[in-house]
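Source file input-v4.csv; content: CSV, C-alpha atoms.
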```csv
chain,number,residue,atom,x,y,z
A,1,MET,CA,9.1,-19.8,-35.3
A,2,THR,CA,7.0,-20.1,-38.4
A,3,ALA,CA,3.3,-19.6,-39.0
A,4,THR,CA,1.3,-20.7,-42.1
A,5,VAL,CA,-1.5,-18.1,-42.6
A,6,HIS,CA,-4.3,-17.1,-44.9
A,7,ASN,CA,-3.0,-14.5,-47.3
A,8,ARG,CA,-5.5,-11.8,-46.3
A,9,SER,CA,-5.4,-8.1,-45.4
A,10,GLY,CA,-4.5,-7.5,-41.8
A,11,VAL,CA,-3.1,-10.9,-40.9
A,12,LEU,CA,0.5,-9.6,-40.5
A,13,ASN,CA,-0.8,-6.7,-38.3
A,14,ARG,CA,-2.8,-9.1,-36.1
A,15,VAL,CA,0.1,-11.5,-35.6
A,16,THR,CA,2.7,-8.8,-34.9
A,17,GLY,CA,0.2,-7.1,-32.6
A,18,LEU,CA,-0.1,-10.3,-30.6
A,19,LEU,CA,3.6,-10.5,-30.4
A,20,ALA,CA,3.8,-6.9,-29.2
A,21,LYS,CA,1.0,-7.4,-26.7
A,22,ARG,CA,3.0,-10.3,-25.2
A,23,GLN,CA,6.1,-8.1,-25.1
A,24,PHE,CA,8.1,-10.1,-27.6
A,25,ASN,CA,10.6,-8.1,-29.6
A,26,ILE,CA,10.7,-9.2,-33.2
A,27,GLU,CA,14.3,-9.4,-34.3
A,28,SER,CA,13.5,-10.6,-37.8
A,29,ILE,CA,10.4,-11.2,-39.8
A,30,SER,CA,9.8,-12.4,-43.4
A,31,VAL,CA,6.5,-13.2,-45.1
A,32,GLY,CA,5.8,-14.5,-48.5
A,33,ARG,CA,3.4,-16.6,-50.6
A,34,THR,CA,3.7,-20.4,-50.5
A,35,GLU,CA,3.1,-23.1,-53.1
A,36,THR,CA,-0.6,-23.0,-52.1
A,37,GLU,CA,-2.9,-20.3,-53.5
A,38,GLY,CA,-4.1,-17.9,-50.8
A,39,VAL,CA,-1.6,-19.1,-48.2
A,40,SER,CA,1.5,-17.3,-46.9
A,41,LYS,CA,4.3,-18.4,-44.6
A,42,MET,CA,5.7,-16.1,-41.9
A,43,THR,CA,9.1,-16.7,-40.3
A,44,PHE,CA,9.9,-14.6,-37.3
A,45,VAL,CA,12.8,-14.6,-34.9
A,46,VAL,CA,12.0,-13.6,-31.3
A,47,GLU,CA,14.0,-13.8,-28.1
A,48,VAL,CA,12.3,-16.0,-25.5
A,49,GLU,CA,13.7,-16.3,-22.0
A,50,ASP,CA,10.8,-18.4,-20.6
A,51,GLU,CA,9.6,-21.7,-22.2
A,52,ARG,CA,6.1,-21.1,-20.8
A,53,LYS,CA,5.8,-17.7,-22.6
A,54,LEU,CA,6.7,-19.4,-25.8
A,55,GLU,CA,4.1,-22.1,-25.2
A,56,GLN,CA,1.5,-19.4,-24.4
A,57,LEU,CA,2.4,-17.5,-27.6
A,58,THR,CA,2.1,-20.6,-29.7
A,59,LYS,CA,-1.4,-21.3,-28.3
A,60,GLN,CA,-2.5,-17.6,-28.8
A,61,LEU,CA,-1.3,-17.7,-32.4
A,62,ASN,CA,-3.1,-20.9,-33.1
A,63,LYS,CA,-6.3,-19.2,-31.8
A,64,GLN,CA,-6.1,-16.6,-34.5
A,65,ILE,CA,-8.7,-17.2,-37.2
A,66,ASP,CA,-6.3,-16.7,-40.2
A,67,VAL,CA,-3.5,-18.8,-38.7
A,68,LEU,CA,-3.4,-22.3,-40.1
A,69,LYS,CA,-0.4,-23.7,-38.4
A,70,VAL,CA,2.3,-22.6,-36.0
A,71,SER,CA,5.7,-24.3,-35.6
A,72,ASP,CA,8.5,-23.7,-33.1
A,73,ILE,CA,11.5,-24.6,-35.2
A,74,THR,CA,14.1,-23.5,-32.6
A,75,ASP,CA,15.5,-26.9,-31.8
A,76,LYS,CA,14.9,-28.5,-35.3
A,77,ALA,CA,17.3,-29.0,-38.1
A,78,ILE,CA,16.6,-26.1,-40.4
A,79,VAL,CA,17.7,-24.5,-43.7
A,80,ALA,CA,17.7,-20.8,-43.1
A,81,ARG,CA,18.7,-17.9,-45.4
A,82,GLU,CA,18.6,-14.1,-45.5
A,83,LEU,CA,19.0,-11.7,-48.4
A,84,ALA,CA,20.8,-8.4,-48.1
A,85,MET,CA,21.4,-5.6,-50.6
A,86,VAL,CA,24.3,-3.2,-49.8
A,87,LYS,CA,24.9,0.0,-51.7
A,88,VAL,CA,28.6,0.8,-51.3
A,89,ILE,CA,30.4,4.0,-52.2
A,90,SER,CA,32.7,3.1,-55.1
A,91,ASN,CA,34.6,4.6,-57.9
A,92,PRO,CA,35.9,2.7,-60.9
A,93,GLN,CA,39.4,2.3,-59.3
A,94,ILE,CA,38.2,0.3,-56.3
A,95,ARG,CA,35.5,-1.8,-58.0
A,96,SER,CA,37.8,-4.7,-58.7
A,97,GLU,CA,39.0,-4.6,-55.0
A,98,ILE,CA,35.3,-4.8,-53.9
A,99,GLN,CA,34.7,-7.6,-56.4
A,100,GLY,CA,37.6,-9.5,-54.8
A,101,ILE,CA,36.0,-9.1,-51.3
A,102,ILE,CA,32.5,-10.2,-52.3
A,103,GLU,CA,33.6,-13.2,-54.5
A,104,PRO,CA,34.3,-15.7,-51.6
A,105,PHE,CA,30.8,-14.9,-50.2
A,106,ARG,CA,29.2,-15.8,-53.6
A,107,ALA,CA,27.7,-12.3,-53.6
A,108,SER,CA,27.0,-10.4,-56.8
A,109,ILE,CA,27.0,-6.9,-58.0
A,110,ILE,CA,23.4,-6.1,-59.1
A,111,ASP,CA,23.8,-2.4,-59.9
A,112,VAL,CA,26.6,0.0,-60.8
A,113,SER,CA,26.6,3.8,-61.0
A,114,LYS,CA,29.4,6.4,-61.2
A,115,GLU,CA,29.6,6.7,-57.4
A,116,SER,CA,28.3,3.4,-56.0
A,117,ILE,CA,27.7,-0.3,-56.6
A,118,THR,CA,25.0,-2.4,-55.1
A,119,VAL,CA,25.9,-5.9,-53.8
A,120,GLN,CA,23.5,-8.7,-53.2
A,121,VAL,CA,24.3,-11.5,-50.8
A,122,THR,CA,22.3,-14.5,-49.5
A,123,GLY,CA,23.1,-17.0,-46.8
A,124,LYS,CA,23.1,-17.4,-43.1
A,125,SER,CA,22.9,-14.3,-41.0
A,126,ASP,CA,26.5,-14.5,-39.8
A,127,LYS,CA,27.7,-14.7,-43.4
A,128,VAL,CA,25.7,-11.6,-44.3
A,129,ASP,CA,27.0,-9.8,-41.2
A,130,ALA,CA,30.6,-10.7,-42.1
A,131,LEU,CA,30.3,-9.3,-45.6
A,132,ILE,CA,28.7,-6.1,-44.4
A,133,ASP,CA,31.5,-5.6,-41.9
A,134,LEU,CA,34.1,-6.0,-44.7
A,135,LEU,CA,32.2,-3.5,-46.9
A,136,ARG,CA,31.8,-0.8,-44.2
A,137,PRO,CA,35.3,0.7,-44.6
A,138,TYR,CA,34.3,1.6,-48.2
A,139,GLY,CA,31.2,3.5,-47.0
A,140,VAL,CA,27.8,1.9,-46.9
A,141,LYS,CA,25.3,4.3,-48.4
A,142,GLU,CA,22.3,2.1,-48.0
A,143,LEU,CA,21.5,-1.3,-46.5
A,144,ALA,CA,18.3,-3.5,-46.8
A,145,ARG,CA,17.9,-7.0,-45.2
A,146,THR,CA,15.0,-9.3,-45.7
A,147,GLY,CA,15.1,-11.0,-42.4
A,148,LEU,CA,15.5,-14.7,-41.9
A,149,THR,CA,13.4,-17.2,-43.8
A,150,ALA,CA,13.5,-20.9,-42.9
A,151,PHE,CA,12.3,-24.5,-43.5
A,152,THR,CA,12.8,-27.5,-41.4
A,153,ARG,CA,15.1,-30.0,-43.2
A,154,GLY,CA,13.5,-32.8,-45.1
A,155,HIS,CA,14.9,-35.3,-42.6
A,156,GLN,CA,15.0,-34.5,-38.9
A,157,PRO,CA,17.6,-36.4,-36.9
A,158,GLN,CA,16.3,-38.5,-34.1
A,159,VAL,CA,17.1,-37.2,-30.6
A,160,THR,CA,18.1,-40.1,-28.4
A,161,GLU,CA,18.6,-39.8,-24.7
A,162,PHE,CA,22.2,-40.4,-23.6
A,163,LYS,CA,22.5,-43.3,-21.3
A,164,PRO,CA,26.0,-44.0,-19.9
A,165,HIS,CA,27.2,-47.5,-20.7
A,166,SER,CA,28.1,-49.3,-17.5
A,167,LEU,CA,31.0,-51.6,-18.6
A,168,LEU,CA,33.1,-50.6,-15.6
A,169,LYS,CA,30.8,-52.1,-12.9
```

Show me this structure written as structure tokens.
Amino acid sequence: MTATVHNRSGVLNRVTGLLAKRQFNIESISVGRTETEGVSKMTFVVEVEDERKLEQLTKQLNKQIDVLKVSDITDKAIVARELAMVKVISNPQIRSEIQGIIEPFRASIIDVSKESITVQVTGKSDKVDALIDLLRPYGVKELARTGLTAFTRGHQPQVTEFKPHSLLK
């Protein structure tokens, strides 16, 4: 779900408070400025077991004074990415080994110290999860993830209802 909101103090708190009041667990949330001055976009992932609860949540969010637009992008064609930074225990002898692990993920080393390296990876959440799992045996000292951010694709495929062809009659 995405929400376009005024970039004002307290908006994030009011939106997350509404989600909490409706007993939605936020699995992921990201917020950032948009191309329009004074406007931010929120992307949040919540588990919804009941379509009516989602509809009610959308209506409640739209009633918020600082919310400009709410979109349920669950069933839409989307482009979604997440950023993670992983600080891994590393000495000079195993750095090339770690470099070999992160290369297929198009991840990069963004910091190096005597006892650790910090890796940055972006992509779909399952890609980020897979790289973190491969780095765990080396010892993950610290991990930070941004949460998912998403757009609908520029072209949405048309959903057509399937009607069986009756050639056999």

Determine the nearest neighbour of A:Val11 from the options A:Ala80, A:Val31, A:Val119, A:Met85, counting all atoms listed in the file.
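Of all the options, A:Val31 lies closest to A:Val11.
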
Please provide the set of residues having any atom within 9 Å of A:Glu82, restricted to all atoms listed in the file, with same-chain residues fewer than 2 positions apart removed, written as JSON, numbers by chain.
{"A": [80, 84, 121, 122, 123, 124, 125, 128, 145, 146, 147, 148, 149, 150]}

Can you measure atom CA of A:Arg14 to atom CA of A:Asp66 for me? One decimal in Å is fine.
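Separating atom CA of A:Arg14 from atom CA of A:Asp66 is a distance of 9.3 Å.
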
Point-to-point distance in Å for atom CA of A:Lys41 and atom CA of A:Thr118:
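Going from atom CA of A:Thr118 over to atom CA of A:Lys41, I get 28.2 Å.
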
For atom CA of A:Gly38 and atom CA of A:Leu57, the interatomic separation in Å (one decimal):
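One can read the atom CA of A:Gly38 to atom CA of A:Leu57 distance as 24.1 Å.
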
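Closest approach to A:Leu143 among A:Ala77, A:Met42, A:Leu83, A:Leu19: A:Leu83, based on all atoms listed in the file.
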
Spatial neighbours of stretch 87-100 of chain A, max dist 7 Å, all atoms listed in the file, sep filter under 2 positions, as a list in words
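Result of the neighbour search: Met85, Ile102, Glu103, Lys114, Glu115, Ser116, Ile117, Thr118, Val119, Tyr138, Gly139, Val140, Lys141, Glu142 and Leu143 of chain A.
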
For A:Ile132, which residue out of A:Phe105, A:Gly154, A:Gln23, A:Val112 is the nearest one, using all atoms listed in the file?
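Closest to A:Ile132 of all the choices is A:Phe105.
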